[in-house]
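Peer 1: One file: input_8.cif (mmCIF, C-alpha atoms; chains and numbers go by the auth columns).
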data_model
#
loop_
_atom_site.group_PDB
_atom_site.id
_atom_site.type_symbol
_atom_site.label_atom_id
_atom_site.label_comp_id
_atom_site.label_asym_id
_atom_site.label_seq_id
_atom_site.Cartn_x
_atom_site.Cartn_y
_atom_site.Cartn_z
_atom_site.B_iso_or_equiv
_atom_site.auth_seq_id
_atom_site.auth_asym_id
ATOM 1 C CA LEU A 1 93.247 -159.496 -146.632 0.00 1 A
ATOM 2 C CA ARG A 2 93.476 -157.640 -143.302 0.00 2 A
ATOM 3 C CA PHE A 3 90.571 -157.380 -140.848 0.00 3 A
ATOM 4 C CA ASP A 4 90.080 -155.171 -137.798 0.00 4 A
ATOM 5 C CA GLU A 5 89.267 -158.102 -135.505 0.00 5 A
ATOM 6 C CA ARG A 6 90.478 -161.647 -134.974 0.00 6 A
ATOM 7 C CA ILE A 7 89.132 -164.112 -137.533 0.00 7 A
ATOM 8 C CA ARG A 8 89.179 -167.781 -138.520 0.00 8 A
ATOM 9 C CA VAL A 9 88.643 -169.614 -141.816 0.00 9 A
ATOM 10 C CA GLU A 10 86.348 -172.618 -142.284 0.00 10 A
ATOM 11 C CA ARG A 11 85.245 -174.961 -145.087 0.00 11 A
ATOM 12 C CA ILE A 12 87.792 -173.587 -147.530 0.00 12 A
ATOM 13 C CA THR A 13 87.556 -176.560 -149.897 0.00 13 A
ATOM 14 C CA ASP A 14 83.820 -176.332 -150.536 0.00 14 A
ATOM 15 C CA ARG A 15 83.175 -172.600 -149.957 0.00 15 A
ATOM 16 C CA LEU A 16 86.055 -170.751 -151.635 0.00 16 A
ATOM 17 C CA LEU A 17 85.146 -170.153 -155.273 0.00 17 A
ATOM 18 C CA VAL A 18 87.784 -168.959 -157.725 0.00 18 A
ATOM 19 C CA SER A 19 86.624 -167.671 -161.117 0.00 19 A
ATOM 20 C CA PRO A 20 88.049 -168.589 -163.570 0.00 20 A
ATOM 21 C CA PRO A 21 88.710 -171.874 -161.716 0.00 21 A
ATOM 22 C CA LEU A 22 92.334 -172.859 -161.108 0.00 22 A
ATOM 23 C CA ALA A 23 93.790 -176.317 -161.749 0.00 23 A
ATOM 24 C CA THR A 24 94.831 -176.475 -158.082 0.00 24 A
ATOM 25 C CA PRO A 25 92.927 -174.481 -155.441 0.00 25 A
ATOM 26 C CA PRO A 26 94.941 -171.861 -153.550 0.00 26 A
ATOM 27 C CA ALA A 27 96.077 -172.412 -149.970 0.00 27 A
ATOM 28 C CA VAL A 28 94.305 -170.119 -147.518 0.00 28 A
ATOM 29 C CA ARG A 29 95.468 -169.531 -143.940 0.00 29 A
ATOM 30 C CA VAL A 30 95.212 -167.014 -141.112 0.00 30 A
ATOM 31 C CA ALA A 31 98.318 -165.089 -140.027 0.00 31 A
ATOM 32 C CA HIS A 32 98.700 -162.893 -136.922 0.00 32 A
ATOM 33 C CA GLY A 33 95.050 -163.532 -136.029 0.00 33 A
ATOM 34 C CA ARG A 34 93.664 -160.834 -138.367 0.00 34 A
ATOM 35 C CA ASP A 35 95.191 -161.489 -141.808 0.00 35 A
ATOM 36 C CA VAL A 36 94.008 -163.958 -144.445 0.00 36 A
ATOM 37 C CA ILE A 37 96.856 -165.115 -146.679 0.00 37 A
ATOM 38 C CA VAL A 38 96.057 -166.572 -150.115 0.00 38 A
ATOM 39 C CA GLU A 39 98.932 -168.583 -151.580 0.00 39 A
ATOM 40 C CA LEU A 40 98.597 -169.494 -155.254 0.00 40 A
ATOM 41 C CA THR A 41 99.455 -173.069 -156.183 0.00 41 A
ATOM 42 C CA SER A 42 98.604 -172.775 -159.898 0.00 42 A
ATOM 43 C CA PRO A 43 99.825 -170.278 -162.518 0.00 43 A
ATOM 44 C CA LEU A 44 97.438 -167.524 -163.589 0.00 44 A
ATOM 45 C CA LEU A 45 96.542 -166.862 -167.217 0.00 45 A
ATOM 46 C CA ALA A 46 97.789 -163.670 -168.821 0.00 46 A
ATOM 47 C CA ASN A 47 95.400 -160.704 -169.258 0.00 47 A
ATOM 48 C CA THR A 48 92.718 -162.323 -167.100 0.00 48 A
ATOM 49 C CA THR A 49 90.630 -161.002 -164.212 0.00 49 A
ATOM 50 C CA TYR A 50 90.292 -163.441 -161.308 0.00 50 A
ATOM 51 C CA THR A 51 87.694 -163.301 -158.544 0.00 51 A
ATOM 52 C CA PHE A 52 88.306 -165.101 -155.262 0.00 52 A
ATOM 53 C CA GLY A 53 84.862 -165.386 -153.670 0.00 53 A
ATOM 54 C CA PHE A 54 85.178 -166.248 -149.976 0.00 54 A
ATOM 55 C CA GLY A 55 81.482 -166.848 -149.328 0.00 55 A
ATOM 56 C CA GLU A 56 81.214 -167.923 -145.672 0.00 56 A
ATOM 57 C CA VAL A 57 84.874 -168.970 -145.351 0.00 57 A
ATOM 58 C CA ILE A 58 85.953 -166.048 -143.146 0.00 58 A
ATOM 59 C CA LYS A 59 84.308 -165.673 -139.714 0.00 59 A
ATOM 60 C CA ASP A 60 85.027 -163.560 -136.677 0.00 60 A
ATOM 61 C CA LEU A 61 86.671 -165.553 -133.905 0.00 61 A
ATOM 62 C CA THR A 62 84.348 -164.619 -131.060 0.00 62 A
ATOM 63 C CA GLU A 63 80.818 -164.988 -132.414 0.00 63 A
ATOM 64 C CA GLY A 64 81.389 -166.864 -135.669 0.00 64 A
ATOM 65 C CA ASN A 65 79.664 -164.271 -137.869 0.00 65 A
ATOM 66 C CA ALA A 66 80.572 -164.732 -141.525 0.00 66 A
ATOM 67 C CA ALA A 67 82.200 -161.900 -143.462 0.00 67 A
ATOM 68 C CA SER A 68 79.741 -162.286 -146.331 0.00 68 A
ATOM 69 C CA GLY A 69 80.306 -160.594 -149.672 0.00 69 A
ATOM 70 C CA VAL A 70 84.106 -160.583 -149.409 0.00 70 A
ATOM 71 C CA ASP A 71 85.691 -160.931 -152.857 0.00 71 A
ATOM 72 C CA LEU A 72 89.323 -160.483 -153.811 0.00 72 A
ATOM 73 C CA VAL A 73 89.572 -159.330 -157.442 0.00 73 A
ATOM 74 C CA VAL A 74 92.927 -159.227 -159.247 0.00 74 A
ATOM 75 C CA SER A 75 93.982 -158.893 -162.867 0.00 75 A
ATOM 76 C CA THR A 76 97.060 -160.171 -164.664 0.00 76 A
ATOM 77 C CA GLY A 77 96.541 -157.503 -167.332 0.00 77 A
ATOM 78 C CA ASP A 78 96.401 -153.725 -167.360 0.00 78 A
ATOM 79 C CA ALA A 79 92.718 -153.457 -166.367 0.00 79 A
ATOM 80 C CA LEU A 80 89.909 -155.288 -164.592 0.00 80 A
ATOM 81 C CA ASP A 81 87.204 -156.840 -166.777 0.00 81 A
ATOM 82 C CA SER A 82 83.910 -155.279 -165.731 0.00 82 A
ATOM 83 C CA LEU A 83 81.002 -156.985 -167.534 0.00 83 A
ATOM 84 C CA MET A 84 78.472 -159.279 -165.842 0.00 84 A
ATOM 85 C CA ILE A 85 75.678 -161.805 -166.314 0.00 85 A
ATOM 86 C CA GLY A 86 73.019 -162.205 -163.632 0.00 86 A
ATOM 87 C CA GLY A 87 69.893 -164.232 -162.999 0.00 87 A
ATOM 88 C CA GLY A 88 68.472 -167.031 -160.910 0.00 88 A
ATOM 89 C CA VAL A 89 68.217 -170.815 -160.631 0.00 89 A
ATOM 90 C CA ARG A 90 64.871 -172.443 -159.842 0.00 90 A
ATOM 91 C CA HIS A 91 63.732 -176.026 -159.392 0.00 91 A
ATOM 92 C CA ALA A 92 62.314 -177.143 -162.722 0.00 92 A
ATOM 93 C CA PHE A 93 59.149 -178.729 -161.256 0.00 93 A
ATOM 94 C CA GLU A 94 58.564 -176.902 -157.968 0.00 94 A
ATOM 95 C CA GLY A 95 59.741 -173.431 -158.973 0.00 95 A
ATOM 96 C CA SER A 96 61.577 -172.976 -155.657 0.00 96 A
ATOM 97 C CA PRO A 97 64.910 -171.090 -155.542 0.00 97 A
ATOM 98 C CA MET A 98 67.991 -173.324 -155.526 0.00 98 A
ATOM 99 C CA LYS A 99 70.804 -172.345 -153.130 0.00 99 A
ATOM 100 C CA ASP A 100 74.520 -173.231 -153.449 0.00 100 A
ATOM 101 C CA VAL A 101 74.327 -174.262 -157.104 0.00 101 A
ATOM 102 C CA LEU A 102 77.269 -173.590 -159.404 0.00 102 A
ATOM 103 C CA VAL A 103 76.506 -171.376 -162.402 0.00 103 A
ATOM 104 C CA MET A 104 79.185 -171.649 -165.081 0.00 104 A
ATOM 105 C CA LEU A 105 80.122 -170.041 -168.382 0.00 105 A
ATOM 106 C CA TYR A 106 81.855 -171.817 -171.262 0.00 106 A
ATOM 107 C CA ASP A 107 83.193 -170.657 -174.598 0.00 107 A
ATOM 108 C CA ALA A 108 80.290 -170.606 -177.045 0.00 108 A
ATOM 109 C CA ASP A 109 82.093 -172.894 -179.499 0.00 109 A
ATOM 110 C CA ASP A 110 82.857 -175.613 -176.919 0.00 110 A
ATOM 111 C CA THR A 111 79.693 -177.714 -176.721 0.00 111 A
ATOM 112 C CA ALA A 112 81.284 -180.609 -174.798 0.00 112 A
ATOM 113 C CA ALA A 113 82.926 -178.574 -172.033 0.00 113 A
ATOM 114 C CA PHE A 114 80.078 -179.115 -169.524 0.00 114 A
ATOM 115 C CA ARG A 115 81.072 -182.781 -169.225 0.00 115 A
ATOM 116 C CA SER A 116 84.795 -182.691 -169.867 0.00 116 A
ATOM 117 C CA ALA A 117 86.395 -179.354 -168.945 0.00 117 A
ATOM 118 C CA ARG A 118 86.443 -176.609 -166.356 0.00 118 A
ATOM 119 C CA PRO A 119 84.316 -173.522 -167.044 0.00 119 A
ATOM 120 C CA VAL A 120 85.708 -170.181 -168.119 0.00 120 A
ATOM 121 C CA TYR A 121 83.883 -168.454 -165.208 0.00 121 A
ATOM 122 C CA ALA A 122 81.868 -169.679 -162.234 0.00 122 A
ATOM 123 C CA ALA A 123 79.642 -168.332 -159.449 0.00 123 A
ATOM 124 C CA ARG A 124 77.418 -169.822 -156.753 0.00 124 A
ATOM 125 C CA THR A 125 73.742 -169.064 -156.130 0.00 125 A
ATOM 126 C CA ASP A 126 72.698 -167.342 -152.909 0.00 126 A
ATOM 127 C CA ALA A 127 69.861 -168.241 -150.521 0.00 127 A
ATOM 128 C CA ASN A 128 67.312 -166.784 -152.964 0.00 128 A
ATOM 129 C CA GLY A 129 68.694 -168.731 -155.927 0.00 129 A
ATOM 130 C CA GLY A 130 70.225 -165.597 -157.456 0.00 130 A
ATOM 131 C CA PHE A 131 73.620 -165.449 -159.102 0.00 131 A
ATOM 132 C CA ALA A 132 75.944 -162.785 -160.496 0.00 132 A
ATOM 133 C CA LEU A 133 78.899 -163.642 -162.722 0.00 133 A
ATOM 134 C CA ARG A 134 81.036 -160.515 -162.494 0.00 134 A
ATOM 135 C CA HIS A 135 84.343 -159.290 -163.921 0.00 135 A
ATOM 136 C CA LEU A 136 83.748 -160.948 -167.295 0.00 136 A
ATOM 137 C CA ARG A 137 85.397 -160.139 -170.587 0.00 137 A
ATOM 138 C CA SER A 138 83.227 -159.480 -173.633 0.00 138 A
ATOM 139 C CA GLY A 139 82.219 -162.390 -175.843 0.00 139 A
ATOM 140 C CA ASP A 140 79.595 -165.081 -176.338 0.00 140 A
ATOM 141 C CA TYR A 141 79.208 -167.889 -173.814 0.00 141 A
ATOM 142 C CA ARG A 142 77.154 -170.953 -173.060 0.00 142 A
ATOM 143 C CA ILE A 143 75.689 -170.988 -169.542 0.00 143 A
ATOM 144 C CA ALA A 144 74.856 -173.958 -167.344 0.00 144 A
ATOM 145 C CA ALA A 145 74.099 -174.684 -163.691 0.00 145 A
ATOM 146 C CA LEU A 146 75.224 -177.721 -161.722 0.00 146 A
ATOM 147 C CA ARG A 147 74.728 -179.133 -158.251 0.00 147 A
ATOM 148 C CA ASP A 148 78.272 -180.436 -158.182 0.00 148 A
ATOM 149 C CA GLN A 149 78.518 -183.544 -156.004 0.00 149 A
ATOM 150 C CA ASN A 150 82.285 -184.113 -156.333 0.00 150 A
ATOM 151 C CA ALA A 151 83.589 -180.514 -156.582 0.00 151 A
ATOM 152 C CA ASN A 152 85.247 -180.928 -159.998 0.00 152 A
ATOM 153 C CA TYR A 153 83.151 -178.402 -161.994 0.00 153 A
ATOM 154 C CA ARG A 154 82.007 -181.158 -164.383 0.00 154 A
ATOM 155 C CA TYR A 155 78.691 -182.876 -165.025 0.00 155 A
ATOM 156 C CA ASP A 156 79.909 -186.442 -164.576 0.00 156 A
ATOM 157 C CA LEU A 157 77.733 -188.142 -161.925 0.00 157 A
ATOM 158 C CA PRO A 158 74.217 -189.548 -162.425 0.00 158 A
ATOM 159 C CA ASN A 159 72.870 -187.898 -159.255 0.00 159 A
ATOM 160 C CA GLU A 160 73.977 -184.372 -160.202 0.00 160 A
ATOM 161 C CA GLU A 161 71.260 -181.850 -161.055 0.00 161 A
ATOM 162 C CA ILE A 162 71.741 -179.606 -164.069 0.00 162 A
ATOM 163 C CA ALA A 163 70.275 -176.627 -165.908 0.00 163 A
ATOM 164 C CA PHE A 164 71.249 -174.922 -169.129 0.00 164 A
ATOM 165 C CA ALA A 165 70.121 -172.348 -171.665 0.00 165 A
ATOM 166 C CA SER A 166 69.790 -173.315 -175.310 0.00 166 A
ATOM 167 C CA ASP A 167 70.975 -169.917 -176.593 0.00 167 A
ATOM 168 C CA VAL A 168 74.361 -168.307 -176.113 0.00 168 A
ATOM 169 C CA VAL A 169 74.574 -165.378 -173.698 0.00 169 A
ATOM 170 C CA SER A 170 76.653 -162.208 -173.685 0.00 170 A
ATOM 171 C CA PRO A 171 77.701 -160.140 -170.651 0.00 171 A
ATOM 172 C CA ALA A 172 76.742 -156.495 -170.296 0.00 172 A
ATOM 173 C CA VAL A 173 77.622 -153.506 -168.150 0.00 173 A
ATOM 174 C CA GLU A 174 76.379 -154.158 -164.613 0.00 174 A
ATOM 175 C CA HIS A 175 74.133 -151.088 -164.354 0.00 175 A
ATOM 176 C CA ASP A 176 72.715 -151.375 -167.888 0.00 176 A
ATOM 177 C CA SER A 177 68.917 -151.127 -167.499 0.00 177 A
ATOM 178 C CA THR A 178 68.383 -153.120 -170.699 0.00 178 A
ATOM 179 C CA ARG A 179 70.321 -156.099 -169.319 0.00 179 A
ATOM 180 C CA SER A 180 68.036 -159.117 -168.998 0.00 180 A
ATOM 181 C CA LEU A 181 68.232 -161.647 -166.170 0.00 181 A
ATOM 182 C CA ILE A 182 68.655 -165.315 -167.035 0.00 182 A
ATOM 183 C CA VAL A 183 66.496 -167.929 -165.285 0.00 183 A
ATOM 184 C CA LEU A 184 67.754 -171.521 -165.302 0.00 184 A
ATOM 185 C CA SER A 185 65.579 -174.525 -164.356 0.00 185 A
ATOM 186 C CA LEU A 186 67.433 -177.216 -162.415 0.00 186 A
ATOM 187 C CA PHE A 187 66.502 -180.879 -162.906 0.00 187 A
ATOM 188 C CA GLN A 188 67.994 -184.353 -162.580 0.00 188 A
ATOM 189 C CA GLU A 189 68.399 -186.147 -165.870 0.00 189 A
ATOM 190 C CA VAL A 190 66.757 -189.554 -166.199 0.00 190 A
ATOM 191 C CA GLY A 191 69.568 -192.094 -166.330 0.00 191 A
ATOM 192 C CA ALA A 192 69.944 -194.403 -169.313 0.00 192 A
ATOM 193 C CA ALA A 193 70.747 -197.423 -167.140 0.00 193 A
ATOM 194 C CA GLN A 194 67.842 -199.361 -165.659 0.00 194 A
ATOM 195 C CA ARG A 195 67.727 -199.561 -161.879 0.00 195 A
ATOM 196 C CA ILE A 196 65.652 -201.353 -159.273 0.00 196 A
ATOM 197 C CA ARG A 197 64.025 -198.576 -157.250 0.00 197 A
ATOM 198 C CA GLU A 198 61.925 -200.722 -154.949 0.00 198 A
ATOM 199 C CA ALA A 199 61.456 -204.382 -154.040 0.00 199 A
ATOM 200 C CA ARG A 200 58.676 -205.942 -151.931 0.00 200 A
ATOM 201 C CA VAL A 201 57.742 -209.420 -150.900 0.00 201 A
ATOM 202 C CA THR A 202 53.984 -210.004 -150.616 0.00 202 A
#
Kindly return the structure encoded in the file as structure tokens.
Peer 2:
Amino acid sequence: LRFDERIRVERITDRLLVSPPLATPPAVRVAHGRDVIVELTSPLLANTTYTFGFGEVIKDLTEGNAASGVDLVVSTGDALDSLMIGGGVRHAFEGSPMKDVLVMLYDADDTAAFRSARPVYAARTDANGGFALRHLRSGDYRIAALRDQNANYRYDLPNEEIAFASDVVSPAVEHDSTRSLIVLSLFQEVGAAQRIREARVT
């Protein structure tokens, strides 16, 4: 990626989002002050569209303004997949929008993937809790949201907040007026293990 001013990259590990996720994140560096170089460290799947979402990773060197909305989209096939699923994530009890939450798609037949495997596609919610999973191939998916505390795309910690839809979802053309938005309610599951939450001596 080439910019018309000098830039820097920050927080690559927690802000760069690759969809579908790669086994090993790519290496990202600045060259010649204005170029962002993305070096792949994992093989790409055949006939797959990948989106590299830079979020707030790239900033101008002088004032630190983020180059928001910068996505690098590539395909290993003959065409780019162009379907999408959009919606929002809200707090289950307060109704407030939830920022920086992962929203993930899984194959509809894989009911255990949320705990044990990486998603097929992923996106992150914005400041208003909205999300857009773009460049999807057609098919049926299960959708879930996760406040990922250890950056492994899996629901595997007791303090992680989750949300999911009971029905499978299907992507549609982005500008289809009949396309419905999906709203997910984020909550923290009550743990099975008993814990001491408070102790007082009177």
Peer 1: Go through A:Val28, A:Ile196, A:Val74, A:Ala23 and flag the residue nearest A:Val57, using only C-alpha atoms for the distances.
Peer 2: A:Val28
Peer 1: Taking (70.8, -167.8, -148.5) in the coordinates of the supplied file, I want to know which residues reach to within 10 Å of it, counting all atoms listed in the file; could you give the answer as a PyMOL selection string?
Peer 2: chain A and resi 97-100+125-130
Peer 1: Go through the shown structure with the PyMOL selection byres ((chain A and resi 141-153) around 8) and write out the matching residues as an MDAnalysis selection string.
Peer 2: chainID A and resid 14 89 100:108 114 117:119 139:140 154:155 157 159:165 167:170 184 186
Peer 1: Report as a PyMOL selection string the full result of the PyMOL selection byres ((chain A and resi 2) around 6) when it is applied to this structure.
Peer 2: chain A and resi 1+3+34-35
Peer 1: Which residues, protein or nucleic acid, reach to within 6 Å of (93.3, -162.3, -165.9) in the file's coordinates when using all atoms listed in the file, and can you give that as a PyMOL selection string?
Peer 2: chain A and resi 45-50+75-77
Peer 1: Hey, which of A:Gly69, A:Ile85, A:Ala122, A:Val173 ends up closest to A:Leu22? Count only C-alpha atoms.
Peer 2: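 Closest candidate: A:Ala122.
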Peer 1: My list of candidates is A:Val201, A:Ala132, A:Val190, A:Ile7. Which is closest to A:Ala67 when distances are computed with all atoms listed in the file?
Peer 2: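 Once distances to A:Ala67 are computed over all atoms listed in the file, the minimum belongs to A:Ile7.
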Peer 1: Go through A:Gly53, A:Ser82, A:Gly95, A:Leu136 one by one, measure the shortest atom-to-atom distance of each to A:Val70 using all atoms listed in the file, and give the residue with the smallest value.
Peer 2: A:Gly53
Peer 1: Find the distance between atom CA of A:His175 and atom CA of A:Pro21 and write it in Å to one decimal.
Peer 2: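 One can read the atom CA of A:His175 to atom CA of A:Pro21 distance as 25.5 Å.
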Peer 1: Rounded to one decimal, what separation in Å do you get between atom CA of A:Met84 and atom CA of A:Glu174?
Peer 2: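 So the two atoms, atom CA of A:Met84 and atom CA of A:Glu174, lie 5.7 Å apart.
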Peer 1: Atom CA of A:Leu133 and atom CA of A:Gly88, how far apart in Å?
Peer 2: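 Going from atom CA of A:Gly88 over to atom CA of A:Leu133, I get 11.1 Å.
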Peer 1: If I wrap all listed atoms of stretch 155-162 of chain A in a box with edges along x, y and z and add 4 Å on each side, what are its centre and edge lengths in Å to one decimal, as AutoDock Vina command-line options?
Peer 2:
--center_x 75.6 --center_y -184.6 --center_z -162.1 --size_x 16.6 --size_y 17.9 --size_z 13.8
Peer 1: Apply the PyMOL selection byres ((chain A and resi 37-43) around 6) to the structure shown and report the selected residues as a list of chain:residue names.
Peer 2: A:Thr24, A:Pro26, A:Ala27, A:Val28, A:Arg29, A:Val36, A:Leu44
Peer 1: Please determine, counting all atoms listed in the file, which residue among A:Ala79, A:Val73, A:Glu5, A:Gly86 has the shortest atom-to-atom distance to A:Ile58.
Peer 2: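 For A:Ile58, the nearest of the candidates is A:Glu5.
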Peer 1: Pick out the closest residue to A:Leu83 from this set: A:His32, A:Arg15, A:Asp176, A:Ile182. Count only C-alpha atoms.
Peer 2: A:Asp176
Peer 1: Quick one: stretch 127-146 of chain A from the block, N, CA and C atoms, as a compact mmCIF listing (two decimals), in the first residue's frame.
Peer 2:
# COMPACT_ATOMS: atom_id res chain seq x y z
N ALA A 127 -17.48 1.94 16.48
CA ALA A 127 -17.83 2.68 17.70
C ALA A 127 -19.32 2.64 17.99
N ASN A 128 -20.14 2.42 16.96
CA ASN A 128 -21.60 2.35 17.14
C ASN A 128 -22.10 0.92 17.28
N GLY A 129 -21.17 -0.03 17.41
CA GLY A 129 -21.56 -1.43 17.54
C GLY A 129 -21.92 -2.10 16.23
N GLY A 130 -21.77 -1.40 15.11
CA GLY A 130 -22.13 -1.97 13.81
C GLY A 130 -21.02 -2.84 13.24
N PHE A 131 -21.40 -3.78 12.41
CA PHE A 131 -20.42 -4.63 11.74
C PHE A 131 -20.87 -4.90 10.31
N ALA A 132 -19.88 -5.19 9.46
CA ALA A 132 -20.15 -5.58 8.07
C ALA A 132 -19.15 -6.64 7.68
N LEU A 133 -19.63 -7.84 7.46
CA LEU A 133 -18.81 -8.94 6.95
C LEU A 133 -18.94 -8.92 5.43
N ARG A 134 -17.88 -8.49 4.75
CA ARG A 134 -17.94 -8.31 3.31
C ARG A 134 -17.09 -9.35 2.59
N HIS A 135 -17.26 -9.40 1.28
CA HIS A 135 -16.49 -10.30 0.40
C HIS A 135 -16.69 -11.76 0.81
N LEU A 136 -17.96 -12.13 0.99
CA LEU A 136 -18.32 -13.49 1.40
C LEU A 136 -18.74 -14.30 0.18
N ARG A 137 -18.52 -15.59 0.26
CA ARG A 137 -19.07 -16.48 -0.76
C ARG A 137 -20.45 -16.94 -0.32
N SER A 138 -21.26 -17.38 -1.27
CA SER A 138 -22.63 -17.79 -0.94
C SER A 138 -22.61 -19.06 -0.09
N GLY A 139 -23.66 -19.22 0.70
CA GLY A 139 -23.76 -20.40 1.56
C GLY A 139 -24.50 -20.06 2.84
N ASP A 140 -24.66 -21.05 3.70
CA ASP A 140 -25.29 -20.87 5.00
C ASP A 140 -24.22 -20.90 6.09
N TYR A 141 -24.38 -19.99 7.06
CA TYR A 141 -23.38 -19.85 8.12
C TYR A 141 -24.06 -19.73 9.48
N ARG A 142 -23.30 -20.06 10.50
CA ARG A 142 -23.66 -19.69 11.87
C ARG A 142 -22.88 -18.44 12.23
N ILE A 143 -23.51 -17.53 12.98
CA ILE A 143 -22.87 -16.26 13.33
C ILE A 143 -22.77 -16.13 14.84
N ALA A 144 -21.65 -15.60 15.29
CA ALA A 144 -21.44 -15.40 16.72
C ALA A 144 -20.56 -14.17 16.93
N ALA A 145 -20.67 -13.57 18.10
CA ALA A 145 -19.82 -12.43 18.47
C ALA A 145 -19.03 -12.80 19.71
N LEU A 146 -17.85 -12.22 19.85
CA LEU A 146 -16.96 -12.58 20.95
C LEU A 146 -16.09 -11.39 21.33
